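Participant: Supplied in structure tokens, the structure appears directly below.
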Amino acid sequence: MSNATWDGALVRTWIERRLRAARLDQAAADKRGYEAQDDYDKAAAEEWVCRTLQSADCADDQAAFAKRLKELIAQEDYAATSIYDDPRFQRHVRGQLRQLAKMTKANEGFDKTLRYQ
């Protein structure tokens, strides 16, 4: 567990940068074609998670952010268009959400904006 104080601005910056990176990852996977469909769906899942959390007004409070992540993990379905494989996309979204929940609980990793942990 990190001793650092929760930094909502850092979390919002992380979400914003990961959202941009996910869009670039999708474009790169799309250019690679059929063999990169899983990469595309994984990047689309990260974009969905970041877009959803970007619009949520809970990043300033660690407990509220963790609660929002739990609500999203409990969701039955995640609507998205232009993906290749719905079950794979759903699995990637849940994986992204679980990873973010771990980061939130430990209050670690939000300073790493270049690549997803």
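Going by the structure tokens order, chains are called A, B, ..., each with residues numbered from 1, while ligands are numbered from 1 in the order shown.
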Per residue of segment 22-77 of chain A within 8 Å of segment 81-87 of chain A, what are the shortest atom pair and its distance in Å to one decimal, counting only C-alpha atoms, with rows by chain and residue number, as a Markdown table?

Facilitator:
| residue | atom | partner | partner_atom | distance |
| --- | --- | --- | --- | --- |
| A:Gln37 | CA | A:Tyr84 | CA | 6.4 |
| A:Asp38 | CA | A:Tyr84 | CA | 7.9 |
| A:Tyr40 | CA | A:Ile83 | CA | 7.5 |
| A:Asp41 | CA | A:Ile83 | CA | 5.9 |
| A:Ala44 | CA | A:Ile83 | CA | 7.3 |

Participant: From a DSSP calculation on the backbone, collect every residue of segment 21-109 of chain A in alpha helix (DSSP H) and output the set as a ChimeraX atom specification.

Facilitator: /A:21-32,37-55,62-74,86-106

Participant: Could you turn the residues from that selection into a file that holds C-alpha atoms, as a PDB file, in the first residue's frame?

Facilitator:
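See selection.pdb below for the written result:
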ATOM      1  CA  ALA A  21      -2.726   6.154 -26.400  1.00  0.00           C
ATOM      2  CA  ALA A  22      -5.574   3.634 -26.717  1.00  0.00           C
ATOM      3  CA  ARG A  23      -6.887   5.471 -29.774  1.00  0.00           C
ATOM      4  CA  LEU A  24      -3.425   5.398 -31.351  1.00  0.00           C
ATOM      5  CA  ASP A  25      -3.084   1.695 -30.498  1.00  0.00           C
ATOM      6  CA  GLN A  26      -6.415   1.009 -32.230  1.00  0.00           C
ATOM      7  CA  ALA A  27      -5.321   2.862 -35.352  1.00  0.00           C
ATOM      8  CA  ALA A  28      -2.028   0.956 -35.438  1.00  0.00           C
ATOM      9  CA  ALA A  29      -3.796  -2.394 -34.955  1.00  0.00           C
ATOM     10  CA  ASP A  30      -6.344  -1.514 -37.626  1.00  0.00           C
ATOM     11  CA  LYS A  31      -3.552  -0.891 -40.142  1.00  0.00           C
ATOM     12  CA  ARG A  32      -1.993  -4.283 -39.330  1.00  0.00           C
ATOM     13  CA  GLN A  37      -7.852  -7.878 -34.218  1.00  0.00           C
ATOM     14  CA  ASP A  38      -7.189  -8.889 -30.593  1.00  0.00           C
ATOM     15  CA  ASP A  39      -4.871  -5.893 -30.166  1.00  0.00           C
ATOM     16  CA  TYR A  40      -7.583  -3.676 -31.627  1.00  0.00           C
ATOM     17  CA  ASP A  41     -10.230  -5.027 -29.234  1.00  0.00           C
ATOM     18  CA  LYS A  42      -7.860  -4.666 -26.280  1.00  0.00           C
ATOM     19  CA  ALA A  43      -7.147  -1.027 -27.188  1.00  0.00           C
ATOM     20  CA  ALA A  44     -10.873  -0.422 -27.754  1.00  0.00           C
ATOM     21  CA  ALA A  45     -11.553  -1.832 -24.284  1.00  0.00           C
ATOM     22  CA  GLU A  46      -8.996   0.504 -22.739  1.00  0.00           C
ATOM     23  CA  GLU A  47     -10.522   3.427 -24.618  1.00  0.00           C
ATOM     24  CA  TRP A  48     -14.008   2.463 -23.364  1.00  0.00           C
ATOM     25  CA  VAL A  49     -12.784   2.270 -19.755  1.00  0.00           C
ATOM     26  CA  CYS A  50     -10.916   5.578 -19.943  1.00  0.00           C
ATOM     27  CA  ARG A  51     -13.770   7.385 -21.713  1.00  0.00           C
ATOM     28  CA  THR A  52     -16.245   6.091 -19.115  1.00  0.00           C
ATOM     29  CA  LEU A  53     -14.036   7.122 -16.201  1.00  0.00           C
ATOM     30  CA  GLN A  54     -13.191  10.460 -17.797  1.00  0.00           C
ATOM     31  CA  SER A  55     -16.867  11.395 -17.741  1.00  0.00           C
ATOM     32  CA  GLN A  62     -10.077   7.412  -3.921  1.00  0.00           C
ATOM     33  CA  ALA A  63     -13.053   5.689  -2.249  1.00  0.00           C
ATOM     34  CA  ALA A  64     -15.530   7.104  -4.787  1.00  0.00           C
ATOM     35  CA  PHE A  65     -13.252   6.103  -7.675  1.00  0.00           C
ATOM     36  CA  ALA A  66     -12.928   2.570  -6.278  1.00  0.00           C
ATOM     37  CA  LYS A  67     -16.723   2.398  -5.858  1.00  0.00           C
ATOM     38  CA  ARG A  68     -17.252   3.460  -9.486  1.00  0.00           C
ATOM     39  CA  LEU A  69     -14.810   0.781 -10.660  1.00  0.00           C
ATOM     40  CA  LYS A  70     -16.696  -1.885  -8.661  1.00  0.00           C
ATOM     41  CA  GLU A  71     -19.969  -0.738 -10.246  1.00  0.00           C
ATOM     42  CA  LEU A  72     -18.440  -1.009 -13.719  1.00  0.00           C
ATOM     43  CA  ILE A  73     -16.962  -4.455 -13.008  1.00  0.00           C
ATOM     44  CA  ALA A  74     -20.407  -5.640 -11.866  1.00  0.00           C
ATOM     45  CA  ASP A  86     -17.809  -9.014 -28.419  1.00  0.00           C
ATOM     46  CA  PRO A  87     -16.866 -11.645 -25.801  1.00  0.00           C
ATOM     47  CA  ARG A  88     -13.173 -10.816 -26.183  1.00  0.00           C
ATOM     48  CA  PHE A  89     -13.916  -7.092 -25.882  1.00  0.00           C
ATOM     49  CA  GLN A  90     -16.022  -7.723 -22.737  1.00  0.00           C
ATOM     50  CA  ARG A  91     -13.171  -9.784 -21.243  1.00  0.00           C
ATOM     51  CA  HIS A  92     -10.633  -7.045 -22.008  1.00  0.00           C
ATOM     52  CA  VAL A  93     -12.877  -4.369 -20.444  1.00  0.00           C
ATOM     53  CA  ARG A  94     -13.221  -6.419 -17.247  1.00  0.00           C
ATOM     54  CA  GLY A  95      -9.454  -7.008 -17.202  1.00  0.00           C
ATOM     55  CA  GLN A  96      -8.761  -3.290 -17.600  1.00  0.00           C
ATOM     56  CA  LEU A  97     -11.230  -2.474 -14.819  1.00  0.00           C
ATOM     57  CA  ARG A  98      -9.720  -5.067 -12.452  1.00  0.00           C
ATOM     58  CA  GLN A  99      -6.214  -3.722 -13.127  1.00  0.00           C
ATOM     59  CA  LEU A 100      -7.398  -0.187 -12.437  1.00  0.00           C
ATOM     60  CA  ALA A 101      -9.109  -1.344  -9.233  1.00  0.00           C
ATOM     61  CA  LYS A 102      -5.773  -2.804  -8.039  1.00  0.00           C
ATOM     62  CA  MET A 103      -3.970   0.417  -8.949  1.00  0.00           C
ATOM     63  CA  THR A 104      -6.622   2.429  -7.108  1.00  0.00           C
ATOM     64  CA  LYS A 105      -6.494   0.279  -3.986  1.00  0.00           C
ATOM     65  CA  ALA A 106      -2.685   0.525  -3.849  1.00  0.00           C
TER      66      ALA A 106
END

Participant: How many Å separate atom CA of Asp7 of chain A from atom CA of Glu108 of chain A?

Facilitator: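 Calculated distance between atom CA of Asp7 of chain A and atom CA of Glu108 of chain A is 10.5 Å.
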
Participant: Pick the closest to Thr5 of chain A from A:Tyr78, A:Asp61, A:Gly33, A:Lys112: which is it, counting only C-alpha atoms?

Facilitator: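 Closest candidate: A:Asp61.
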
Participant: What does the distance between atom CA of Asp57 of chain A and atom CA of Arg20 of chain A come to in Å, to one decimal place?

Facilitator: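 Taking atom CA of Asp57 of chain A as the start and atom CA of Arg20 of chain A as the end point, the length is 19.3 Å.
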
Participant: Quick one: distance from atom CA of Arg18 of chain A to atom CA of Ala56 of chain A in Å, one decimal?

Facilitator: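 Distance reported for this atom pair: 15.6 Å.
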
Participant: Excluding same-chain residues fewer than 2 positions from Ala9 of chain A, what lies within 8 Å of it counting only C-alpha atoms, as an mmCIF file with N, CA, C and O atoms, in the first residue's frame?

Facilitator:
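Just written: around_12.cif:
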data_model
loop_
_atom_site.group_PDB
_atom_site.id
_atom_site.type_symbol
_atom_site.label_atom_id
_atom_site.label_comp_id
_atom_site.auth_asym_id
_atom_site.auth_seq_id
_atom_site.Cartn_x
_atom_site.Cartn_y
_atom_site.Cartn_z
ATOM 1 N N ASP A 7 -4.079 11.593 -5.534
ATOM 2 C CA ASP A 7 -3.962 12.800 -6.353
ATOM 3 C C ASP A 7 -4.931 12.705 -7.535
ATOM 4 O O ASP A 7 -4.638 12.071 -8.546
ATOM 5 N N VAL A 11 -4.596 11.252 -11.489
ATOM 6 C CA VAL A 11 -5.456 10.185 -12.009
ATOM 7 C C VAL A 11 -6.148 10.650 -13.289
ATOM 8 O O VAL A 11 -6.185 9.915 -14.281
ATOM 9 N N ARG A 12 -6.661 11.877 -13.294
ATOM 10 C CA ARG A 12 -7.316 12.407 -14.503
ATOM 11 C C ARG A 12 -6.326 12.519 -15.657
ATOM 12 O O ARG A 12 -6.656 12.208 -16.806
ATOM 13 N N THR A 13 -5.093 12.939 -15.364
ATOM 14 C CA THR A 13 -4.055 13.030 -16.396
ATOM 15 C C THR A 13 -3.749 11.643 -16.943
ATOM 16 O O THR A 13 -3.626 11.461 -18.157
ATOM 17 N N ALA A 59 -12.831 11.129 -9.668
ATOM 18 C CA ALA A 59 -11.389 10.925 -9.632
ATOM 19 C C ALA A 59 -10.717 11.624 -8.455
ATOM 20 O O ALA A 59 -9.617 11.244 -8.061
ATOM 21 N N ASP A 60 -11.360 12.620 -7.874
ATOM 22 C CA ASP A 60 -10.739 13.345 -6.762
ATOM 23 C C ASP A 60 -10.806 12.589 -5.441
ATOM 24 O O ASP A 60 -10.122 12.946 -4.492
#
